[in-house]
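Below is model_26.txt, which holds compact mmCIF, C-alpha atoms.
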```
# COMPACT_ATOMS: atom_id res chain seq x y z
CA MET V 764 47.54 27.56 96.12
CA LEU V 765 48.13 23.94 95.15
CA PRO V 766 48.61 23.11 91.44
CA ARG V 767 45.36 21.94 89.80
CA PRO V 768 46.38 18.24 89.61
CA LEU V 769 47.09 18.25 93.35
CA GLN V 770 43.79 20.02 94.07
CA LEU V 771 41.96 17.32 92.11
CA LEU V 772 43.89 14.61 93.91
CA ARG V 773 42.97 16.09 97.31
CA LYS V 774 39.26 16.25 96.36
CA THR V 775 39.40 12.72 95.00
CA LEU V 776 41.09 11.25 98.06
CA ALA V 777 38.42 12.80 100.27
CA LEU V 778 35.91 10.37 98.70
CA ALA V 779 37.98 7.24 99.29
CA GLN V 780 36.64 4.22 101.18
CA LEU V 781 38.78 2.93 104.01
CA GLY V 782 40.78 -0.07 102.86
CA ALA V 783 40.12 0.44 99.15
CA LEU V 784 42.45 3.36 98.46
CA ALA V 785 45.30 2.62 96.07
CA LEU V 786 47.56 4.67 93.82
CA LYS V 787 49.78 3.63 90.95
CA PRO V 788 51.22 4.98 87.70
CA GLY V 789 49.07 4.29 84.67
CA ARG V 790 48.05 5.49 81.25
CA CYS V 791 44.90 7.45 80.50
CA PRO V 792 43.54 7.38 76.92
CA THR V 793 43.40 11.18 76.90
CA CYS V 794 46.14 12.25 79.33
CA GLY V 795 48.77 9.66 78.54
CA PRO V 796 51.10 8.77 81.46
CA THR V 797 49.37 9.71 84.69
CA LEU V 798 48.62 8.57 88.23
CA MET V 799 45.63 6.30 88.76
CA VAL V 800 43.71 6.31 92.02
CA LYS V 801 41.24 3.68 93.26
CA LEU V 802 38.75 5.02 95.77
CA ALA V 803 36.54 1.93 96.00
CA ASP V 804 36.24 -1.43 94.34
CA ASP V 805 34.16 -0.42 91.34
CA ALA V 806 34.76 1.06 87.89
CA ILE V 807 33.36 4.52 88.65
CA SER V 808 35.82 4.86 91.55
CA VAL V 809 38.96 4.20 89.50
CA ARG V 810 40.15 7.59 88.26
CA CYS V 811 42.87 9.41 86.36
CA ILE V 812 43.91 12.23 88.68
CA ARG V 813 44.71 14.57 85.77
CA CYS V 814 41.33 14.60 83.99
CA ARG V 815 39.25 12.66 86.59
CA ALA V 816 38.10 10.18 83.95
CA SER V 817 36.71 7.04 85.57
CA ALA V 818 37.48 3.54 84.32
CA ILE V 819 34.11 3.74 82.53
CA HIS V 820 35.15 6.92 80.68
CA MET V 821 38.56 5.47 79.93
CA SER V 822 36.95 2.32 78.53
CA ILE V 823 34.80 4.20 76.01
CA LEU V 824 37.62 6.61 75.14
CA GLN V 825 39.98 3.71 74.50
CA VAL V 826 37.46 2.04 72.17
CA LEU V 827 36.70 5.32 70.38
CA GLN V 828 40.39 5.89 69.70
CA GLY V 829 40.61 2.46 68.13
CA LEU V 830 37.59 3.13 65.92
CA TYR V 831 38.38 6.74 65.04
CA PRO V 832 42.05 7.81 65.02
CA ASP V 833 40.80 11.09 63.50
CA LEU V 834 37.41 12.55 64.50
CA SER V 835 37.83 15.90 62.79
CA GLY V 836 35.58 15.10 59.84
CA LEU V 837 32.76 13.52 61.85
CA ALA V 838 29.54 15.09 63.09
CA ALA V 839 29.30 13.82 66.68
CA TYR V 840 26.50 13.93 69.24
CA GLU V 841 27.17 13.32 72.94
CA MET V 842 24.29 12.95 75.39
CA SER V 843 25.86 15.11 78.09
CA SER V 844 27.30 18.59 78.43
CA ARG V 845 30.26 17.91 80.71
CA GLY V 846 32.84 15.33 81.68
CA PRO V 847 35.91 13.69 80.13
CA LEU V 848 34.10 12.21 77.12
CA PHE V 849 32.41 15.54 76.39
CA ASP V 850 35.77 17.35 76.64
CA TYR V 851 37.45 14.81 74.36
CA LEU V 852 34.82 15.01 71.63
CA ARG V 853 34.38 18.77 71.79
CA ALA V 854 38.12 19.22 71.22
CA ARG V 855 38.36 16.75 68.32
CA ALA V 856 35.07 16.22 66.50
CA GLY V 857 33.56 18.59 64.04
CA PRO V 858 30.80 19.62 64.15
CA PHE V 859 29.97 18.67 67.73
CA THR V 860 26.53 18.62 69.40
CA CYS V 861 25.65 17.92 73.02
CA SER V 862 22.53 17.90 75.18
CA GLU V 863 21.10 17.10 78.60
CA PHE V 864 17.70 15.90 79.72
CA PHE V 865 15.93 18.39 81.98
CA ASP V 866 12.61 17.34 83.48
CA ASP V 867 11.19 20.88 83.24
CA VAL V 868 12.44 21.91 79.78
CA LEU V 869 10.81 20.99 76.46
CA PRO V 870 12.94 18.86 74.09
CA GLY V 871 14.76 21.15 71.69
CA ALA V 872 14.58 24.15 74.03
CA PHE V 873 17.57 25.50 75.93
CA ARG V 874 18.46 26.08 79.54
CA GLY V 875 21.18 28.67 79.26
CA ASP V 876 23.37 27.43 76.42
CA ILE V 877 22.55 23.73 76.94
CA GLN V 878 19.89 22.11 74.79
CA CYS V 879 17.38 19.71 76.32
CA GLN V 880 16.78 16.45 74.46
CA ASP V 881 14.69 13.39 75.29
CA VAL V 882 16.33 10.43 73.56
CA GLN V 883 12.89 8.87 73.13
CA ALA V 884 11.88 11.79 70.88
CA LEU V 885 14.96 13.59 69.54
CA THR V 886 14.35 16.85 67.69
CA TYR V 887 17.26 16.33 65.28
CA GLY V 888 16.65 15.50 61.65
CA LEU V 889 17.14 12.22 59.86
CA ALA V 890 20.80 11.22 59.35
CA SER V 891 22.26 14.19 61.27
CA PHE V 892 25.33 12.51 62.81
CA ASP V 893 28.20 10.15 62.08
CA LEU V 894 28.72 9.27 65.74
CA CYS V 895 26.51 9.24 68.83
CA THR V 896 27.87 8.55 72.32
CA SER V 897 26.65 8.20 75.89
CA THR V 898 27.83 6.84 79.22
CA GLU V 899 25.45 5.22 81.71
CA VAL V 900 22.28 6.76 80.24
CA PHE V 901 20.01 4.10 78.77
CA GLU V 902 19.32 2.23 81.98
CA HIS V 903 17.42 5.41 82.98
CA VAL V 904 15.35 5.70 79.79
CA PRO V 905 11.76 4.47 80.30
CA ASP V 906 11.38 3.13 76.74
CA ASP V 907 14.91 2.17 75.74
CA ARG V 908 13.83 0.56 72.47
CA LYS V 909 12.26 3.84 71.37
CA GLY V 910 15.49 5.59 72.36
CA PHE V 911 17.62 3.14 70.39
CA SER V 912 15.38 3.65 67.35
CA GLU V 913 15.76 7.42 67.65
CA ILE V 914 19.55 7.15 67.78
CA ARG V 915 19.41 4.92 64.70
CA ARG V 916 17.22 7.50 62.94
CA VAL V 917 19.62 10.41 63.48
CA LEU V 918 22.70 8.40 62.46
CA ARG V 919 23.93 8.47 58.89
CA PRO V 920 24.42 5.15 57.05
CA GLY V 921 27.56 3.55 58.46
CA GLY V 922 27.48 5.79 61.52
CA ARG V 923 28.02 4.33 64.97
CA PHE V 924 26.44 4.51 68.39
CA VAL V 925 29.22 3.94 70.95
CA PHE V 926 28.08 3.82 74.57
CA THR V 927 28.19 2.20 77.98
CA VAL V 928 25.55 0.97 80.39
CA PRO V 929 25.90 -1.07 83.58
CA LEU V 930 26.07 -4.51 81.97
CA THR V 931 25.83 -7.89 83.67
CA GLU V 932 26.88 -11.25 82.26
CA ASN V 933 23.28 -12.49 82.49
CA ALA V 934 21.69 -13.54 79.21
CA THR V 935 18.54 -11.51 79.78
CA THR V 936 17.88 -7.92 80.79
CA VAL V 937 15.97 -7.53 84.06
CA GLU V 938 13.20 -4.92 83.94
CA ARG V 939 12.92 -3.09 87.25
CA ALA V 940 10.24 -0.50 86.44
CA VAL V 941 7.92 0.57 83.63
CA LEU V 942 6.19 3.81 82.77
CA GLU V 943 2.44 3.33 82.24
CA GLY V 944 0.14 6.22 81.50
CA GLY V 945 2.66 8.68 82.86
CA ALA V 946 3.04 6.81 86.17
CA ILE V 947 5.93 4.58 87.20
CA ARG V 948 5.10 1.01 88.16
CA HIS V 949 7.89 -0.75 90.05
CA LEU V 950 8.42 -4.41 89.21
CA LEU V 951 11.29 -4.78 91.69
CA GLU V 952 12.67 -2.86 94.64
CA PRO V 953 13.52 0.62 93.27
CA GLU V 954 17.15 1.20 92.39
CA TYR V 955 18.48 4.74 92.07
CA HIS V 956 21.69 6.11 90.63
CA GLY V 957 23.08 9.63 90.67
CA ASP V 958 24.15 12.29 88.22
CA VAL V 959 25.59 15.78 88.36
CA ILE V 960 22.28 17.50 87.59
CA ARG V 961 19.94 15.62 89.94
CA GLY V 962 22.39 14.53 92.62
CA HIS V 963 23.23 11.27 94.33
CA GLY V 964 20.56 8.56 94.45
CA ARG V 965 17.97 10.59 92.49
CA VAL V 966 17.83 8.87 89.07
CA LEU V 967 15.63 5.79 88.75
CA CYS V 968 17.14 2.72 87.10
CA PHE V 969 14.51 1.13 84.85
CA ARG V 970 16.51 -2.01 84.04
CA ASN V 971 19.67 -4.00 84.59
CA TYR V 972 21.01 -4.89 81.16
CA GLY V 973 22.09 -8.37 80.19
CA LEU V 974 23.83 -9.59 77.06
CA ASP V 975 20.58 -9.42 75.12
CA ILE V 976 21.17 -5.67 74.74
CA VAL V 977 22.71 -6.73 71.42
CA ASP V 978 19.34 -8.11 70.29
CA ARG V 979 17.50 -4.98 71.44
CA LEU V 980 19.74 -2.82 69.28
CA ARG V 981 19.39 -5.07 66.25
CA GLU V 982 15.61 -5.02 66.65
CA SER V 983 15.86 -1.20 66.65
CA GLY V 984 17.50 -1.17 63.21
CA PHE V 985 21.23 -1.44 63.86
CA ARG V 986 22.88 -3.90 61.47
CA ASP V 987 26.06 -4.70 63.38
CA VAL V 988 26.34 -4.71 67.18
CA ARG V 989 29.36 -5.70 69.26
CA LEU V 990 30.40 -5.67 72.90
CA VAL V 991 34.00 -4.49 72.92
CA PRO V 992 36.10 -5.12 76.06
CA ALA V 993 38.56 -2.46 77.13
CA ASP V 994 42.13 -3.25 78.10
CA ARG V 995 41.74 -2.96 81.88
CA ALA V 996 45.17 -4.14 82.98
CA GLY V 997 46.22 -0.69 84.23
CA TRP V 998 42.96 -0.04 86.08
CA TRP V 999 43.03 -2.80 88.73
CA GLY V 1000 40.94 -4.91 86.36
CA PHE V 1001 38.04 -2.44 86.40
CA GLY V 1002 36.40 -0.91 83.35
CA THR V 1003 33.48 -2.00 81.25
CA LYS V 1004 32.48 -3.51 77.96
CA VAL V 1005 31.61 -0.84 75.40
CA VAL V 1006 28.63 -1.28 73.09
CA VAL V 1007 29.37 -0.46 69.45
CA ALA V 1008 26.29 -0.45 67.19
CA GLU V 1009 26.61 0.41 63.48
CA ALA V 1010 23.75 1.89 61.48
```
Represent the structure from my file as structure tokens, please.
Amino acid sequence: MLPRPLQLLRKTLALAQLGALALKPGRCPTCGPTLMVKLADDAISVRCIRCRASAIHMSILQVLQGLYPDLSGLAAYEMSSRGPLFDYLRARAGPFTCSEFFDDVLPGAFRGDIQCQDVQALTYGLASFDLCTSTEVFEHVPDDRKGFSEIRRVLRPGGRFVFTVPLTENATTVERAVLEGGAIRHLLEPEYHGDVIRGHGRVLCFRNYGLDIVDRLRESGFRDVRLVPADRAGWWGFGTKVVVAEA
């Protein structure tokens, strides 16, 4: 049997697009020196072959390390139950909480050992966490302002929400769909993304964020909001800006 890193590399290479594949030594925020692979010309397709973190994961991990050299005394909440960011926080933060959103499970209830949460109506108490994180979640939240307000509510004073969304350089966010009376009304041609739970092309994108995401967060109660660029030199220039919002 091949060693695990080679098994991961073989699985990863099977997804590569013709003409885009590239390999080079690099540095992963969690793994250290590693081999980077580029499967396609986008941030999600640039990966560390050791932990499979994408350039998006590596961006948020790099920013988190700069903000928090030591997470051991922080109560952290991550809005997923798997992946490189989940693994990183579970190993270092204390206490650590995670969740998923399941369409057929009530918020606060469990599917197996994973709790369901709807970020628009979190079941956690006021000021429960020092740190909240997510990657590529809020573009799928019907009422993102309500979700931002809920994250602000469960953060302690001085706590931070550190997260990523697909972010354009446009000044204004483009709304693609709205939820009205329990029904979705499309304002533009539907755009779908994928996730591990629902599969490829199954998760509706409600909006394409512009730089005014900063204003949305401030209007939701955050007092300091920044867009922090990652150092993308080792990732073929891919990666993403990370949103850091302080309560």
Of the listed residues V:Leu848, V:Val904, V:Cys968, V:Ala803, that which approaches V:Ile823 most closely, counting all atoms listed in the file: V:Leu848
Who sits within 12 Å of V:Thr898, all atoms listed in the file, same chain under 2 positions skipped, as JSON, numbers by chain: {"V": [807, 816, 817, 818, 819, 820, 821, 822, 823, 824, 841, 842, 843, 844, 845, 846, 847, 848, 849, 895, 896, 900, 901, 902, 903, 924, 925, 926, 927, 928, 929, 930, 958, 1003, 1004, 1005, 1006]}
Contact residues around V:Asp906 with all atoms listed in the file at 9 Å, ignoring same-chain residues under 5 positions, as a PyMOL selection string: chain V and resi 883+901+911+941-942+969
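Between atom CA of V:Ala785 and atom CA of V:Met799 there is a distance of 8.2 Å.
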Extending 3 Å beyond the listed atoms of stretch 842-861 of chain V on each side, what axis-aligned box results? I want centre and edge lengths in Å to one decimal, as JSON.
```
{"center_x": 31.3, "center_y": 15.9, "center_z": 72.9, "size_x": 20.1, "size_y": 13.4, "size_z": 23.6}
```
Atom-to-atom span, atom CA of V:Pro792 and atom CA of V:Gln825, Å: 5.7 Å
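Ranking V:Leu950, V:Leu980, V:Val882, V:Val917 by their shortest atom-to-atom distance to V:Phe865, with all atoms listed in the file included, puts V:Val882 first.
For the pair atom CA of V:Gly1002 and atom CA of V:Arg939, the separation is 23.9 Å.
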Shell of 12 Å around stretch 794-798 of chain V, only C-alpha atoms, local chain residues under 2 positions omitted, as a count of residues only: 30
Residue nearest V:Ala934 - candidates V:Ser983, V:Ser912, V:Asn971, V:Gln828, atoms counted: all atoms listed in the file: V:Asn971
Test item: which residues lie within 12 Å of (26.0, 22.3, 67.9) counting all atoms listed in the file, as an MDAnalysis selection string: chainID V and resid 838:841 844 853 856:862 871 876:878 887 891:892
Could you write those residues out with C-alpha atoms, as a PDB file, in the frame of the given file?
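Writing done, so here's part_6.pdb:
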```
ATOM      1  CA  ALA V 838      29.540  15.090  63.090  1.00  0.00           C
ATOM      2  CA  ALA V 839      29.300  13.820  66.680  1.00  0.00           C
ATOM      3  CA  TYR V 840      26.500  13.930  69.240  1.00  0.00           C
ATOM      4  CA  GLU V 841      27.170  13.320  72.940  1.00  0.00           C
ATOM      5  CA  SER V 844      27.300  18.590  78.430  1.00  0.00           C
ATOM      6  CA  ARG V 853      34.380  18.770  71.790  1.00  0.00           C
ATOM      7  CA  ALA V 856      35.070  16.220  66.500  1.00  0.00           C
ATOM      8  CA  GLY V 857      33.560  18.590  64.040  1.00  0.00           C
ATOM      9  CA  PRO V 858      30.800  19.620  64.150  1.00  0.00           C
ATOM     10  CA  PHE V 859      29.970  18.670  67.730  1.00  0.00           C
ATOM     11  CA  THR V 860      26.530  18.620  69.400  1.00  0.00           C
ATOM     12  CA  CYS V 861      25.650  17.920  73.020  1.00  0.00           C
ATOM     13  CA  SER V 862      22.530  17.900  75.180  1.00  0.00           C
ATOM     14  CA  GLY V 871      14.760  21.150  71.690  1.00  0.00           C
ATOM     15  CA  ASP V 876      23.370  27.430  76.420  1.00  0.00           C
ATOM     16  CA  ILE V 877      22.550  23.730  76.940  1.00  0.00           C
ATOM     17  CA  GLN V 878      19.890  22.110  74.790  1.00  0.00           C
ATOM     18  CA  TYR V 887      17.260  16.330  65.280  1.00  0.00           C
ATOM     19  CA  SER V 891      22.260  14.190  61.270  1.00  0.00           C
ATOM     20  CA  PHE V 892      25.330  12.510  62.810  1.00  0.00           C
TER      21      PHE V 892
END
```
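If all atoms listed in the file are the atoms counted, then among V:His956, V:Arg995, V:Arg986, V:His949 the closest residue to V:Ala1008 is V:Arg986.
Taking all atoms listed in the file into account, those protein, DNA and RNA residues with any atom at most 12 Å away from (28.8, 3.0, 58.2) amount to Leu830, Leu837, Ala890, Phe892, Asp893, Leu894, Arg915, Leu918, Arg919, Pro920, Gly921, Gly922, Arg923, Phe924, Phe985, Arg986, Asp987, Val1007, Ala1008, Glu1009 and Ala1010 of chain V.
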Now that the selection is made, can you save its residues with C-alpha atoms as a PDB file, keeping the file's coordinate frame?
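Output (part-v7.pdb):
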```pdb
ATOM      1  CA  LEU V 830      37.590   3.130  65.920  1.00  0.00           C
ATOM      2  CA  LEU V 837      32.760  13.520  61.850  1.00  0.00           C
ATOM      3  CA  ALA V 890      20.800  11.220  59.350  1.00  0.00           C
ATOM      4  CA  PHE V 892      25.330  12.510  62.810  1.00  0.00           C
ATOM      5  CA  ASP V 893      28.200  10.150  62.080  1.00  0.00           C
ATOM      6  CA  LEU V 894      28.720   9.270  65.740  1.00  0.00           C
ATOM      7  CA  ARG V 915      19.410   4.920  64.700  1.00  0.00           C
ATOM      8  CA  LEU V 918      22.700   8.400  62.460  1.00  0.00           C
ATOM      9  CA  ARG V 919      23.930   8.470  58.890  1.00  0.00           C
ATOM     10  CA  PRO V 920      24.420   5.150  57.050  1.00  0.00           C
ATOM     11  CA  GLY V 921      27.560   3.550  58.460  1.00  0.00           C
ATOM     12  CA  GLY V 922      27.480   5.790  61.520  1.00  0.00           C
ATOM     13  CA  ARG V 923      28.020   4.330  64.970  1.00  0.00           C
ATOM     14  CA  PHE V 924      26.440   4.510  68.390  1.00  0.00           C
ATOM     15  CA  PHE V 985      21.230  -1.440  63.860  1.00  0.00           C
ATOM     16  CA  ARG V 986      22.880  -3.900  61.470  1.00  0.00           C
ATOM     17  CA  ASP V 987      26.060  -4.700  63.380  1.00  0.00           C
ATOM     18  CA  VAL V1007      29.370  -0.460  69.450  1.00  0.00           C
ATOM     19  CA  ALA V1008      26.290  -0.450  67.190  1.00  0.00           C
ATOM     20  CA  GLU V1009      26.610   0.410  63.480  1.00  0.00           C
ATOM     21  CA  ALA V1010      23.750   1.890  61.480  1.00  0.00           C
TER      22      ALA V1010
END
```
